[in-house]
file target.csv (CSV, C-alpha atoms)
chain,number,residue,atom,x,y,z
A,1,MET,CA,13.3,-11.2,-18.0
A,2,LYS,CA,9.7,-10.5,-18.8
A,3,PHE,CA,8.9,-14.2,-18.4
A,4,GLY,CA,10.4,-14.2,-14.9
A,5,VAL,CA,8.4,-11.2,-14.0
A,6,ARG,CA,5.2,-12.8,-15.3
A,7,LYS,CA,5.9,-15.9,-13.2
A,8,GLU,CA,6.4,-13.8,-10.1
A,9,ILE,CA,3.1,-12.0,-10.8
A,10,ARG,CA,1.3,-15.4,-11.1
A,11,HIS,CA,2.7,-16.5,-7.7
A,12,ALA,CA,1.8,-13.2,-6.1
A,13,CYS,CA,-1.7,-13.3,-7.5
A,14,THR,CA,-2.2,-16.8,-6.3
A,15,ALA,CA,-1.2,-15.8,-2.8
A,16,ILE,CA,-3.5,-12.8,-2.9
A,17,ILE,CA,-6.5,-14.9,-4.0
A,18,LEU,CA,-5.8,-17.3,-1.1
A,19,LEU,CA,-5.6,-14.5,1.4
A,20,ILE,CA,-8.8,-12.9,0.0
A,21,THR,CA,-10.6,-16.2,0.5
A,22,ILE,CA,-9.4,-16.5,4.0
A,23,ALA,CA,-10.4,-13.0,5.0
A,24,VAL,CA,-14.0,-13.1,3.8
A,25,ASP,CA,-16.2,-11.7,6.6
A,26,TYR,CA,-17.4,-14.6,8.5
A,27,THR,CA,-19.8,-12.5,10.5
A,28,SER,CA,-22.1,-11.9,7.6
A,29,GLU,CA,-25.3,-13.9,7.9
A,30,LYS,CA,-25.4,-14.5,4.1
A,31,ARG,CA,-22.0,-16.2,4.0
A,32,GLU,CA,-21.2,-19.7,5.2
A,33,ILE,CA,-17.5,-20.1,6.0
A,34,PRO,CA,-15.9,-23.5,6.1
A,35,PRO,CA,-14.7,-24.6,9.5
A,36,MET,CA,-11.1,-24.5,8.4
A,37,LEU,CA,-11.3,-20.9,7.2
A,38,ARG,CA,-13.2,-19.9,10.4
A,39,THR,CA,-10.4,-21.5,12.4
A,40,ILE,CA,-7.8,-19.5,10.5
A,41,LEU,CA,-9.6,-16.2,11.0
A,42,ASN,CA,-10.1,-16.9,14.7
A,43,LEU,CA,-6.4,-17.8,15.0
A,44,ASP,CA,-5.5,-14.6,13.3
A,45,LYS,CA,-7.6,-12.6,15.8
A,46,LEU,CA,-6.1,-14.5,18.7
A,47,LEU,CA,-2.5,-14.0,17.5
A,48,THR,CA,-3.2,-10.3,16.9
A,49,GLN,CA,-4.7,-9.7,20.3
A,50,SER,CA,-1.9,-11.6,22.0
A,51,PHE,CA,0.8,-9.6,20.1
A,52,VAL,CA,-0.8,-6.2,20.9
A,53,LYS,CA,-1.3,-7.0,24.6
A,54,TYR,CA,2.3,-8.2,24.9
A,55,VAL,CA,3.7,-5.0,23.2
A,56,GLU,CA,1.4,-2.8,25.3
A,57,TYR,CA,2.7,-4.6,28.4
A,58,ILE,CA,6.4,-3.8,27.7
A,59,MET,CA,6.0,-0.4,26.0
A,60,PRO,CA,4.1,2.8,26.9
A,61,MET,CA,1.6,2.8,24.0
A,62,LYS,CA,0.1,6.2,25.0
A,63,ARG,CA,3.4,7.9,24.3
A,64,LEU,CA,3.7,6.2,20.9
A,65,LYS,CA,0.2,7.3,19.9
A,66,VAL,CA,1.4,10.5,18.2
A,67,HIS,CA,4.1,8.4,16.3
A,68,HIS,CA,1.4,6.0,15.1
A,69,THR,CA,-0.7,8.8,13.8
A,70,ALA,CA,2.2,10.4,12.0
A,71,LEU,CA,3.0,7.0,10.3
A,72,GLU,CA,-0.7,6.7,9.3
A,73,VAL,CA,-0.6,10.1,7.7
A,74,SER,CA,2.8,9.5,6.0
A,75,CYS,CA,1.3,6.8,3.8
A,76,HIS,CA,-2.2,8.1,3.2
A,77,GLY,CA,-3.1,7.8,-0.5
A,78,ILE,CA,-4.6,11.3,-0.8
A,79,VAL,CA,-1.6,12.9,0.9
A,80,TRP,CA,0.8,11.2,-1.6
A,81,LEU,CA,-1.3,11.9,-4.7
A,82,ALA,CA,-1.9,15.6,-3.7
A,83,SER,CA,1.8,16.0,-3.0
A,84,LEU,CA,2.9,14.5,-6.3
A,85,LEU,CA,0.5,16.7,-8.3
A,86,ALA,CA,1.6,19.8,-6.4
A,87,LEU,CA,5.3,19.0,-7.0
A,88,ILE,CA,4.7,18.6,-10.7
A,89,TRP,CA,3.6,22.3,-10.8
A,90,ILE,CA,6.0,23.6,-8.1
A,91,LEU,CA,9.2,21.9,-9.3
A,92,ASN,CA,8.3,21.7,-13.0
A,93,ASN,CA,11.3,19.5,-13.5
A,94,ALA,CA,11.2,17.5,-16.7
A,95,ARG,CA,13.7,15.0,-15.4
A,96,LEU,CA,11.2,14.1,-12.6
A,97,PHE,CA,8.1,13.7,-14.8
A,98,GLN,CA,8.7,10.0,-15.5
A,99,MET,CA,8.9,9.2,-11.8
A,100,GLN,CA,6.0,11.4,-10.8
A,101,VAL,CA,3.6,10.2,-13.5
A,102,ASN,CA,4.4,6.6,-13.0
A,103,LEU,CA,4.1,6.9,-9.2
A,104,ILE,CA,0.8,8.6,-9.6
A,105,ILE,CA,-0.4,5.7,-11.8
A,106,ALA,CA,0.9,3.2,-9.3
A,107,LEU,CA,-0.8,4.8,-6.3
A,108,THR,CA,-4.1,5.2,-8.2
A,109,LEU,CA,-4.0,1.6,-9.1
A,110,ASP,CA,-3.3,0.7,-5.4
A,111,ILE,CA,-6.2,2.8,-4.2
A,112,ILE,CA,-8.6,1.1,-6.7
A,113,ILE,CA,-7.4,-2.4,-5.9
A,114,ILE,CA,-7.6,-2.0,-2.2
A,115,GLY,CA,-11.0,-0.3,-2.4
A,116,VAL,CA,-12.4,-3.2,-4.4
A,117,LEU,CA,-10.9,-5.9,-2.1
A,118,LYS,CA,-12.2,-4.2,1.0
A,119,ALA,CA,-15.7,-3.9,-0.5
A,120,PHE,CA,-15.5,-7.6,-1.4
A,121,THR,CA,-14.1,-9.0,1.8
A,122,ARG,CA,-15.8,-6.6,4.2
A,123,ARG,CA,-13.8,-7.7,7.2
A,124,ARG,CA,-14.4,-5.5,10.2
A,125,ARG,CA,-11.5,-3.7,11.9
A,126,PRO,CA,-10.4,-5.0,15.3
A,127,ALA,CA,-11.6,-1.7,16.9
A,128,GLU,CA,-13.3,1.5,15.8
A,129,ASP,CA,-11.7,4.8,16.5
A,130,LEU,CA,-13.3,7.7,14.7
A,131,ARG,CA,-10.7,10.1,16.0
A,132,THR,CA,-8.0,8.7,13.7
A,133,PHE,CA,-7.1,10.1,10.3
A,134,GLY,CA,-9.1,8.7,7.4
A,135,PRO,CA,-11.2,6.0,9.2
A,136,ASP,CA,-13.1,3.3,7.3
A,137,LYS,CA,-14.8,0.3,8.7
A,138,TYR,CA,-13.1,-2.5,6.7
A,139,SER,CA,-9.6,-3.8,7.5
A,140,PHE,CA,-8.7,-6.4,4.8
A,141,PRO,CA,-6.3,-5.7,3.2
A,142,SER,CA,-4.2,-2.9,4.7
A,143,GLY,CA,-4.0,-0.1,2.2
A,144,HIS,CA,-1.3,1.7,4.1
A,145,VAL,CA,1.0,-1.4,4.1
A,146,SER,CA,0.3,-2.2,0.4
A,147,ARG,CA,1.0,1.4,-0.5
A,148,ALA,CA,4.2,1.5,1.5
A,149,MET,CA,5.4,-1.8,-0.1
A,150,LEU,CA,4.5,-0.4,-3.5
A,151,ILE,CA,6.5,2.8,-2.9
A,152,PHE,CA,9.5,0.7,-1.6
A,153,TYR,CA,9.4,-1.5,-4.7
A,154,PHE,CA,9.1,1.6,-7.0
A,155,PHE,CA,12.2,3.3,-5.6
A,156,LYS,CA,14.1,0.1,-5.3
A,157,TYR,CA,13.6,-1.3,-8.8
A,158,LEU,CA,11.7,1.1,-11.1
A,159,TRP,CA,13.2,4.4,-10.1
A,160,PRO,CA,16.3,3.4,-8.2
A,161,ILE,CA,17.6,5.7,-5.4
A,162,SER,CA,20.6,5.5,-3.1
A,163,ASP,CA,20.8,2.4,-0.9
A,164,ILE,CA,20.7,4.4,2.3
A,165,TYR,CA,17.3,5.8,1.3
A,166,VAL,CA,16.1,2.4,0.2
A,167,THR,CA,17.0,1.1,3.7
A,168,LEU,CA,15.1,3.9,5.3
A,169,LEU,CA,12.1,3.1,3.1
A,170,LEU,CA,12.3,-0.6,4.2
A,171,LEU,CA,12.4,0.5,7.8
A,172,TRP,CA,9.4,2.7,7.2
A,173,VAL,CA,7.5,-0.3,5.7
A,174,ALA,CA,8.3,-2.5,8.6
A,175,THR,CA,7.4,0.2,11.2
A,176,LEU,CA,4.1,0.9,9.4
A,177,PHE,CA,3.4,-2.9,9.3
A,178,PHE,CA,3.5,-3.2,13.1
A,179,SER,CA,2.0,0.2,13.7
A,180,ARG,CA,-1.2,-0.6,11.9
A,181,VAL,CA,-1.6,-3.7,14.1
A,182,LEU,CA,-0.7,-1.9,17.4
A,183,MET,CA,-3.3,0.8,16.6
A,184,ARG,CA,-5.9,-1.9,16.3
A,185,LYS,CA,-6.6,-0.9,12.8
A,186,HIS,CA,-5.7,-4.3,11.3
A,187,TYR,CA,-5.1,-7.9,12.1
A,188,LEU,CA,-1.8,-9.6,11.3
A,189,LEU,CA,-3.4,-11.2,8.2
A,190,ASP,CA,-4.5,-7.8,6.9
A,191,VAL,CA,-1.0,-6.3,6.9
A,192,THR,CA,0.6,-9.5,5.6
A,193,ALA,CA,-1.8,-9.4,2.7
A,194,GLY,CA,-0.9,-5.7,2.2
A,195,LEU,CA,2.7,-6.7,1.7
A,196,PHE,CA,1.9,-9.3,-1.0
A,197,ILE,CA,-0.5,-6.9,-2.8
A,198,GLY,CA,2.0,-4.0,-2.8
A,199,TYR,CA,4.7,-6.3,-4.2
A,200,ALA,CA,2.4,-7.6,-6.9
A,201,GLU,CA,1.4,-4.1,-7.9
A,202,GLY,CA,5.1,-3.2,-8.2
A,203,LEU,CA,5.6,-6.2,-10.5
A,204,PHE,CA,2.7,-5.1,-12.6
A,205,MET,CA,4.0,-1.5,-12.8
A,206,SER,CA,7.3,-2.9,-14.1
A,207,LEU,CA,5.3,-4.2,-17.1
A,208,ILE,CA,3.4,-0.9,-17.9
A,209,TYR,CA,6.0,1.6,-16.8
A,210,LEU,CA,5.8,4.6,-19.1
A,211,ASP,CA,8.8,6.1,-20.8
A,212,ALA,CA,10.0,9.7,-20.2
A,213,LYS,CA,8.6,11.1,-23.4
A,214,THR,CA,5.1,9.8,-22.7
A,215,CYS,CA,5.2,11.1,-19.2
A,216,ALA,CA,6.3,14.6,-20.4
A,217,SER,CA,3.4,14.6,-22.9
A,218,PHE,CA,1.0,13.6,-20.2
A,219,VAL,CA,2.2,16.4,-17.9
A,220,SER,CA,2.0,18.9,-20.9
A,221,TRP,CA,-1.6,17.7,-21.5
A,222,ILE,CA,-2.8,18.1,-17.9
A,223,THR,CA,-1.1,21.4,-17.4
A,224,ASP,CA,-2.0,22.7,-20.9
A,225,GLU,CA,1.6,23.9,-21.3
A,226,LYS,CA,4.3,23.1,-23.9
A,227,MET,CA,7.4,21.6,-22.4
A,228,GLU,CA,10.4,23.4,-24.0
A,229,GLY,CA,14.1,22.4,-24.0
A,230,ALA,CA,13.4,18.8,-22.9
A,231,GLU,CA,15.2,16.0,-24.8
A,232,TYR,CA,14.6,12.3,-24.3
A,233,ASP,CA,16.3,9.1,-25.5
A,234,VAL,CA,13.9,7.1,-27.6
call {"tool": "encode", "arguments": {"input": "target.csv", "output": "structure tokens"}}
result
Amino acid sequence: MKFGVRKEIRHACTAIILLITIAVDYTSEKREIPPMLRTILNLDKLLTQSFVKYVEYIMPMKRLKVHHTALEVSCHGIVWLASLLALIWILNNARLFQMQVNLIIALTLDIIIIGVLKAFTRRRRPAEDLRTFGPDKYSFPSGHVSRAMLIFYFFKYLWPISDIYVTLLLLWVATLFFSRVLMRKHYLLDVTAGLFIGYAEGLFMSLIYLDAKTCASFVSWITDEKMEGAEYDV
């Protein structure tokens, strides 16, 4: 089982490296991009623009603006981390500590990876809109999509929940995928890379997933409280 997971991680990492290479900012004067990569980037821009214009032609995008903003906030890293930390104190449920701590680790890992990749690739967004929630000037890869995919993987394989909720999460991922493009926050290549990265992060989390006892000890340490009455299978 572990060998199969490692093999999947290698394939995912290979795909991510390829996408990173493709997405290097060709507008930088210090970088010389091979003609083939430049062609791929230009094709990505063309396909993205065509897709957005087509959707805007058949759908009233102004009415959907509020929904796009809600989707953006629904997968913001700070919102998720703050909510998880707050729920640890509010709920104080030992049965949830394993899920909460591992998800915090996963989201922190995602934020770091996306931040490093954006700093490295430095691909500009299709359009700048400072009125949107949490703007930054780099688009590759999509942190919202990678985070959504990671959360889907987490609740599908690491902390399994009911199939109906898994289906809703999958719809959320798909909706967020297209929303980021329609908001002109990302190109199609950016959100596609986000899916690969989120999946790879999920695979990695399956290798370092902490047990319930370790998570309870961690919560006890950060809250400076002794957890009483909790029993775990070791």
call {"tool": "residues_near_point", "arguments": {"input": "target.csv", "point": "(6.7, -1.1, 4.9)", "cutoff": "9 Å", "atoms": "all atoms listed in the file", "output": "PyMOL selection string"}}
result
chain A and resi 144-152+169-177+195
call {"tool": "write_last_selection", "arguments": {"input": "target.csv", "atoms": "C-alpha atoms", "output": "tab-separated table (two decimals), in the coordinates of the input"}}
result
chain	number	residue	atom	x	y	z
A	144	HIS	CA	-1.30	1.70	4.10
A	145	VAL	CA	1.00	-1.40	4.10
A	146	SER	CA	0.30	-2.20	0.40
A	147	ARG	CA	1.00	1.40	-0.50
A	148	ALA	CA	4.20	1.50	1.50
A	149	MET	CA	5.40	-1.80	-0.10
A	150	LEU	CA	4.50	-0.40	-3.50
A	151	ILE	CA	6.50	2.80	-2.90
A	152	PHE	CA	9.50	0.70	-1.60
A	169	LEU	CA	12.10	3.10	3.10
A	170	LEU	CA	12.30	-0.60	4.20
A	171	LEU	CA	12.40	0.50	7.80
A	172	TRP	CA	9.40	2.70	7.20
A	173	VAL	CA	7.50	-0.30	5.70
A	174	ALA	CA	8.30	-2.50	8.60
A	175	THR	CA	7.40	0.20	11.20
A	176	LEU	CA	4.10	0.90	9.40
A	177	PHE	CA	3.40	-2.90	9.30
A	195	LEU	CA	2.70	-6.70	1.70
call {"tool": "closest_residue", "arguments": {"input": "target.csv", "among": "A:Gly143, A:Val191, A:Val219, A:Pro126", "to": "A:Leu46", "atoms": "all atoms listed in the file"}}
result
A:Pro126
call {"tool": "residues_around", "arguments": {"input": "target.csv", "residues": "A:Asp190", "least_positions_apart": "4", "cutoff": "10 Å", "atoms": "all atoms listed in the file", "output": "list in words"}}
result
Leu19, Ile20, Ala23, Asp44, Arg123, Arg125, Ser139, Phe140, Pro141, Ser142, Gly143, Val145, Ser146, Phe177, Arg180, Val181, Lys185, His186, Gly194 and Leu195 of chain A
call {"tool": "write_last_selection", "arguments": {"input": "target.csv", "atoms": "C-alpha atoms", "output": "mmCIF file, in the frame of the given file"}}
result
data_model
loop_
_atom_site.group_PDB
_atom_site.id
_atom_site.type_symbol
_atom_site.label_atom_id
_atom_site.label_comp_id
_atom_site.auth_asym_id
_atom_site.auth_seq_id
_atom_site.Cartn_x
_atom_site.Cartn_y
_atom_site.Cartn_z
ATOM 1 C CA LEU A 19 -5.600 -14.500 1.400
ATOM 2 C CA ILE A 20 -8.800 -12.900 0.000
ATOM 3 C CA ALA A 23 -10.400 -13.000 5.000
ATOM 4 C CA ASP A 44 -5.500 -14.600 13.300
ATOM 5 C CA ARG A 123 -13.800 -7.700 7.200
ATOM 6 C CA ARG A 125 -11.500 -3.700 11.900
ATOM 7 C CA SER A 139 -9.600 -3.800 7.500
ATOM 8 C CA PHE A 140 -8.700 -6.400 4.800
ATOM 9 C CA PRO A 141 -6.300 -5.700 3.200
ATOM 10 C CA SER A 142 -4.200 -2.900 4.700
ATOM 11 C CA GLY A 143 -4.000 -0.100 2.200
ATOM 12 C CA VAL A 145 1.000 -1.400 4.100
ATOM 13 C CA SER A 146 0.300 -2.200 0.400
ATOM 14 C CA PHE A 177 3.400 -2.900 9.300
ATOM 15 C CA ARG A 180 -1.200 -0.600 11.900
ATOM 16 C CA VAL A 181 -1.600 -3.700 14.100
ATOM 17 C CA LYS A 185 -6.600 -0.900 12.800
ATOM 18 C CA HIS A 186 -5.700 -4.300 11.300
ATOM 19 C CA GLY A 194 -0.900 -5.700 2.200
ATOM 20 C CA LEU A 195 2.700 -6.700 1.700
#
call {"tool": "residues_around", "arguments": {"input": "target.csv", "residues": "A:Leu43", "least_positions_apart": "3", "cutoff": "12 Å", "atoms": "all atoms listed in the file", "output": "list in words"}}
result
Ile22, Ala23, Met36, Leu37, Arg38, Thr39, Ile40, Leu46, Leu47, Thr48, Gln49, Ser50, Tyr187, Leu188 and Leu189 of chain A
call {"tool": "closest_residue", "arguments": {"input": "target.csv", "among": "A:Trp159, A:Tyr57, A:Phe204, A:Tyr138", "to": "A:Leu96", "atoms": "only C-alpha atoms"}}
result
A:Trp159
call {"tool": "decode", "arguments": {"input": "target.csv", "residues": "stretch 186-214 of chain A", "atoms": "N, CA and C atoms", "output": "CSV table (one decimal), in the first residue's frame"}}
result
chain,number,residue,atom,x,y,z
A,186,HIS,N,-7.3,33.6,-12.5
A,186,HIS,CA,-6.3,32.5,-12.9
A,186,HIS,C,-6.6,32.1,-14.3
A,187,TYR,N,-5.5,31.6,-14.9
A,187,TYR,CA,-5.6,30.9,-16.2
A,187,TYR,C,-6.0,29.5,-16.0
A,188,LEU,N,-6.4,28.8,-17.1
A,188,LEU,CA,-6.8,27.4,-17.0
A,188,LEU,C,-5.7,26.5,-16.5
A,189,LEU,N,-4.4,26.9,-16.9
A,189,LEU,CA,-3.3,26.1,-16.5
A,189,LEU,C,-3.1,26.3,-15.0
A,190,ASP,N,-3.3,27.4,-14.4
A,190,ASP,CA,-3.2,27.7,-13.0
A,190,ASP,C,-4.1,26.8,-12.1
A,191,VAL,N,-5.3,26.7,-12.5
A,191,VAL,CA,-6.3,25.9,-11.7
A,191,VAL,C,-6.1,24.4,-11.9
A,192,THR,N,-5.6,24.1,-13.1
A,192,THR,CA,-5.3,22.6,-13.4
A,192,THR,C,-4.1,22.2,-12.5
A,193,ALA,N,-3.1,23.1,-12.4
A,193,ALA,CA,-2.0,22.8,-11.6
A,193,ALA,C,-2.4,22.7,-10.1
A,194,GLY,N,-3.4,23.5,-9.7
A,194,GLY,CA,-3.9,23.5,-8.3
A,194,GLY,C,-4.4,22.1,-8.0
A,195,LEU,N,-5.2,21.5,-8.9
A,195,LEU,CA,-5.7,20.2,-8.7
A,195,LEU,C,-4.6,19.2,-8.4
A,196,PHE,N,-3.6,19.2,-9.3
A,196,PHE,CA,-2.5,18.2,-9.1
A,196,PHE,C,-1.8,18.4,-7.8
A,197,ILE,N,-1.5,19.7,-7.5
A,197,ILE,CA,-0.8,20.0,-6.2
A,197,ILE,C,-1.6,19.6,-5.0
A,198,GLY,N,-2.9,19.9,-5.0
A,198,GLY,CA,-3.8,19.5,-3.9
A,198,GLY,C,-3.8,18.0,-3.7
A,199,TYR,N,-3.9,17.3,-4.8
A,199,TYR,CA,-3.9,15.8,-4.7
A,199,TYR,C,-2.6,15.3,-4.2
A,200,ALA,N,-1.5,15.8,-4.7
A,200,ALA,CA,-0.2,15.4,-4.2
A,200,ALA,C,0.0,15.7,-2.7
A,201,GLU,N,-0.5,16.8,-2.3
A,201,GLU,CA,-0.4,17.1,-0.8
A,201,GLU,C,-1.3,16.1,0.0
A,202,GLY,N,-2.4,15.7,-0.6
A,202,GLY,CA,-3.2,14.7,0.1
A,202,GLY,C,-2.5,13.4,0.3
A,203,LEU,N,-1.8,13.0,-0.8
A,203,LEU,CA,-1.0,11.8,-0.8
A,203,LEU,C,0.1,11.9,0.3
A,204,PHE,N,0.8,13.0,0.3
A,204,PHE,CA,1.8,13.2,1.3
A,204,PHE,C,1.3,13.2,2.7
A,205,MET,N,0.1,13.8,2.9
A,205,MET,CA,-0.5,13.7,4.3
A,205,MET,C,-0.8,12.3,4.7
A,206,SER,N,-1.1,11.5,3.7
A,206,SER,CA,-1.5,10.1,4.1
A,206,SER,C,-0.2,9.4,4.7
A,207,LEU,N,1.0,9.9,4.3
A,207,LEU,CA,2.2,9.3,4.9
A,207,LEU,C,2.6,9.8,6.2
A,208,ILE,N,2.2,11.0,6.5
A,208,ILE,CA,2.6,11.7,7.8
A,208,ILE,C,1.4,11.8,8.8
A,209,TYR,N,0.3,11.3,8.4
A,209,TYR,CA,-0.9,11.4,9.2
A,209,TYR,C,-0.7,11.1,10.7
A,210,LEU,N,-1.0,12.0,11.6
A,210,LEU,CA,-0.7,11.8,13.0
A,210,LEU,C,-1.9,11.0,13.7
A,211,ASP,N,-1.5,10.1,14.6
A,211,ASP,CA,-2.5,9.3,15.3
A,211,ASP,C,-3.3,10.2,16.4
A,212,ALA,N,-4.3,9.6,16.9
A,212,ALA,CA,-5.2,10.4,17.8
A,212,ALA,C,-4.5,10.8,19.1
A,213,LYS,N,-3.6,10.0,19.6
A,213,LYS,CA,-3.0,10.3,20.9
A,213,LYS,C,-2.0,11.4,20.7
A,214,THR,N,-1.3,11.4,19.6
A,214,THR,CA,-0.3,12.5,19.3
A,214,THR,C,-1.1,13.8,19.1
